[in-house]
Amino acid sequence: MADVNEIINGLMQELRRGTIILGVLSQLSEPQYGYSLVTVLEEKGINVDPGTLYPLLRRLEKQELLQSQWDTNDTRPRKYYSLSPLGKEVYEQLCVEWRSLIGSLEGLIDHGGG
């Protein structure tokens, strides 16, 4: 027999995976380095494992949604990420889609059989 908690945890992980990109993009209108981004997201209730975040940042940069710049002024060099012009446009469109999706899902949930 399937464990309900195990099923819920797996489904929640899938759901979070789809929303993490939007959360990350939302915080990069100002430059952030990886750890500062983890901290800011955590403060806002979004827990992101650094092992998930760093590959995501590299992928978004490769897709030209982010631009980066190294800061070597501190003792520890840090790579700062921010939205590129394309990233800003994509983020804005994703927000429109997100709001539409939320509205549709709320309608389904409110009028569903659950």
# chains A, B, ... in the order shown; residues from 1 in each chain; ligands from 1

call {"tool": "residues_around", "arguments": {"residues": "region 49-55 of chain A", "least_positions_apart": "3", "cutoff": "10 Å", "atoms": "only C-alpha atoms", "output": "list in words"}}
result
Arg17, Ile20, Ile21, Val24, Tyr33, Gly34, Tyr35, Leu37, Val38, Glu42, Ile46, Arg58, Arg59, Leu60 and Glu61 of chain A

call {"tool": "residues_around", "arguments": {"residues": "Pro85 (chain A)", "least_positions_apart": "3", "cutoff": "9 Å", "atoms": "only C-alpha atoms", "output": "list in words"}}
result
Glu64, Leu65, Leu66, Lys88, Glu89 and Val90 of chain A

call {"tool": "write_last_selection", "arguments": {"atoms": "all heavy atoms", "output": "PDB file, in the first residue's frame"}}
result
ATOM      1  N   GLU A  64      20.600  32.720 -21.828  1.00  0.00           N
ATOM      2  CA  GLU A  64      20.673  34.170 -21.975  1.00  0.00           C
ATOM      3  C   GLU A  64      19.558  34.922 -21.251  1.00  0.00           C
ATOM      4  O   GLU A  64      19.219  36.046 -21.598  1.00  0.00           O
ATOM      5  CB  GLU A  64      20.747  34.571 -23.459  1.00  0.00           C
ATOM      6  CG  GLU A  64      21.974  34.001 -24.144  1.00  0.00           C
ATOM      7  CD  GLU A  64      22.113  34.409 -25.602  1.00  0.00           C
ATOM      8  OE1 GLU A  64      21.334  35.245 -26.082  1.00  0.00           O
ATOM      9  OE2 GLU A  64      23.035  33.872 -26.247  1.00  0.00           O
ATOM     10  N   LEU A  65      18.996  34.279 -20.216  1.00  0.00           N
ATOM     11  CA  LEU A  65      17.996  34.948 -19.383  1.00  0.00           C
ATOM     12  C   LEU A  65      18.674  35.728 -18.259  1.00  0.00           C
ATOM     13  O   LEU A  65      18.096  36.661 -17.708  1.00  0.00           O
ATOM     14  CB  LEU A  65      17.012  33.939 -18.793  1.00  0.00           C
ATOM     15  CG  LEU A  65      16.222  33.116 -19.807  1.00  0.00           C
ATOM     16  CD1 LEU A  65      15.261  32.179 -19.089  1.00  0.00           C
ATOM     17  CD2 LEU A  65      15.480  34.009 -20.778  1.00  0.00           C
ATOM     18  N   LEU A  66      19.896  35.321 -17.927  1.00  0.00           N
ATOM     19  CA  LEU A  66      20.675  35.997 -16.890  1.00  0.00           C
ATOM     20  C   LEU A  66      21.993  36.460 -17.476  1.00  0.00           C
ATOM     21  O   LEU A  66      22.509  35.872 -18.421  1.00  0.00           O
ATOM     22  CB  LEU A  66      20.986  35.045 -15.725  1.00  0.00           C
ATOM     23  CG  LEU A  66      19.823  34.432 -14.977  1.00  0.00           C
ATOM     24  CD1 LEU A  66      20.340  33.558 -13.846  1.00  0.00           C
ATOM     25  CD2 LEU A  66      18.880  35.492 -14.456  1.00  0.00           C
ATOM     26  N   LYS A  88      14.263  39.643 -18.483  1.00  0.00           N
ATOM     27  CA  LYS A  88      13.194  40.512 -17.971  1.00  0.00           C
ATOM     28  C   LYS A  88      11.909  40.303 -18.756  1.00  0.00           C
ATOM     29  O   LYS A  88      10.832  40.170 -18.182  1.00  0.00           O
ATOM     30  CB  LYS A  88      13.644  41.971 -18.053  1.00  0.00           C
ATOM     31  CG  LYS A  88      12.689  42.961 -17.435  1.00  0.00           C
ATOM     32  CD  LYS A  88      13.322  44.350 -17.467  1.00  0.00           C
ATOM     33  CE  LYS A  88      12.543  45.476 -16.939  1.00  0.00           C
ATOM     34  NZ  LYS A  88      11.293  45.462 -16.427  1.00  0.00           N
ATOM     35  N   GLU A  89      12.034  40.210 -20.073  1.00  0.00           N
ATOM     36  CA  GLU A  89      10.865  39.980 -20.935  1.00  0.00           C
ATOM     37  C   GLU A  89      10.239  38.609 -20.657  1.00  0.00           C
ATOM     38  O   GLU A  89       9.017  38.481 -20.515  1.00  0.00           O
ATOM     39  CB  GLU A  89      11.302  40.078 -22.398  1.00  0.00           C
ATOM     40  CG  GLU A  89      10.179  39.951 -23.393  1.00  0.00           C
ATOM     41  CD  GLU A  89      10.662  40.067 -24.835  1.00  0.00           C
ATOM     42  OE1 GLU A  89      11.695  40.707 -25.085  1.00  0.00           O
ATOM     43  OE2 GLU A  89       9.979  39.499 -25.701  1.00  0.00           O
ATOM     44  N   VAL A  90      11.082  37.586 -20.548  1.00  0.00           N
ATOM     45  CA  VAL A  90      10.593  36.232 -20.262  1.00  0.00           C
ATOM     46  C   VAL A  90       9.933  36.198 -18.890  1.00  0.00           C
ATOM     47  O   VAL A  90       8.853  35.620 -18.721  1.00  0.00           O
ATOM     48  CB  VAL A  90      11.742  35.203 -20.370  1.00  0.00           C
ATOM     49  CG1 VAL A  90      11.346  33.858 -19.772  1.00  0.00           C
ATOM     50  CG2 VAL A  90      12.179  35.046 -21.824  1.00  0.00           C
TER      51      VAL A  90
END

call {"tool": "select_by_dssp", "arguments": {"residues": "chain A", "states": "strand (DSSP E or B)", "output": "list in words"}}
result
Gln32, Tyr33, Leu66, Gln67, Ser68, Gln69, Trp70, Asp71, Arg78, Lys79, Tyr80, Tyr81, Ser82 and Leu83 of chain A

call {"tool": "select_by_dssp", "arguments": {"residues": "region 23-111 of chain A", "states": "alpha helix (DSSP H)", "output": "number ranges by chain"}}
result
A: 23-26, 34-43, 50-62, 85-111

call {"tool": "closest_residue", "arguments": {"among": "A:Leu22, A:Ile8, A:Ala2, A:Leu41", "to": "Leu94 (chain A)", "atoms": "only C-alpha atoms"}}
result
A:Leu22

call {"tool": "decode", "arguments": {"residues": "region 58-72 of chain A", "atoms": "N, CA, C and O atoms", "output": "compact mmCIF listing (two decimals), in the first residue's frame"}}
result
# COMPACT_ATOMS: atom_id res chain seq x y z
N ARG A 58 23.34 28.59 -13.81
CA ARG A 58 24.18 28.39 -15.00
C ARG A 58 23.33 28.11 -16.24
O ARG A 58 23.62 28.61 -17.33
N ARG A 59 22.26 27.33 -16.05
CA ARG A 59 21.38 27.02 -17.19
C ARG A 59 20.67 28.27 -17.68
O ARG A 59 20.58 28.52 -18.88
N LEU A 60 20.16 29.08 -16.75
CA LEU A 60 19.47 30.31 -17.14
C LEU A 60 20.43 31.30 -17.81
O LEU A 60 20.03 32.01 -18.73
N GLU A 61 21.67 31.29 -17.36
CA GLU A 61 22.67 32.16 -18.01
C GLU A 61 22.97 31.66 -19.42
O GLU A 61 23.06 32.45 -20.36
N LYS A 62 23.07 30.35 -19.58
CA LYS A 62 23.33 29.77 -20.90
C LYS A 62 22.17 30.06 -21.86
O LYS A 62 22.37 30.25 -23.05
N GLN A 63 20.95 30.12 -21.31
CA GLN A 63 19.76 30.45 -22.12
C GLN A 63 19.64 31.95 -22.36
O GLN A 63 18.67 32.40 -22.95
N GLU A 64 20.60 32.72 -21.83
CA GLU A 64 20.67 34.17 -21.98
C GLU A 64 19.56 34.92 -21.25
O GLU A 64 19.22 36.05 -21.60
N LEU A 65 19.00 34.28 -20.22
CA LEU A 65 18.00 34.95 -19.38
C LEU A 65 18.67 35.73 -18.26
O LEU A 65 18.10 36.66 -17.71
N LEU A 66 19.90 35.32 -17.93
CA LEU A 66 20.67 36.00 -16.89
C LEU A 66 21.99 36.46 -17.48
O LEU A 66 22.51 35.87 -18.42
N GLN A 67 22.50 37.53 -16.88
CA GLN A 67 23.87 37.94 -17.18
C GLN A 67 24.62 37.89 -15.86
O GLN A 67 24.02 37.98 -14.79
N SER A 68 25.92 37.72 -15.95
CA SER A 68 26.69 37.60 -14.71
C SER A 68 27.96 38.44 -14.79
O SER A 68 28.41 38.82 -15.88
N GLN A 69 28.46 38.72 -13.61
CA GLN A 69 29.68 39.51 -13.50
C GLN A 69 30.39 39.10 -12.23
O GLN A 69 29.77 38.95 -11.17
N TRP A 70 31.70 38.90 -12.33
CA TRP A 70 32.50 38.54 -11.16
C TRP A 70 32.88 39.79 -10.39
O TRP A 70 33.26 40.80 -10.98
N ASP A 71 32.76 39.70 -9.08
CA ASP A 71 33.24 40.76 -8.19
C ASP A 71 34.43 40.18 -7.43
O ASP A 71 34.27 39.25 -6.64
N THR A 72 35.60 40.73 -7.69
CA THR A 72 36.82 40.22 -7.05
C THR A 72 37.36 41.19 -6.00
O THR A 72 38.50 41.06 -5.57
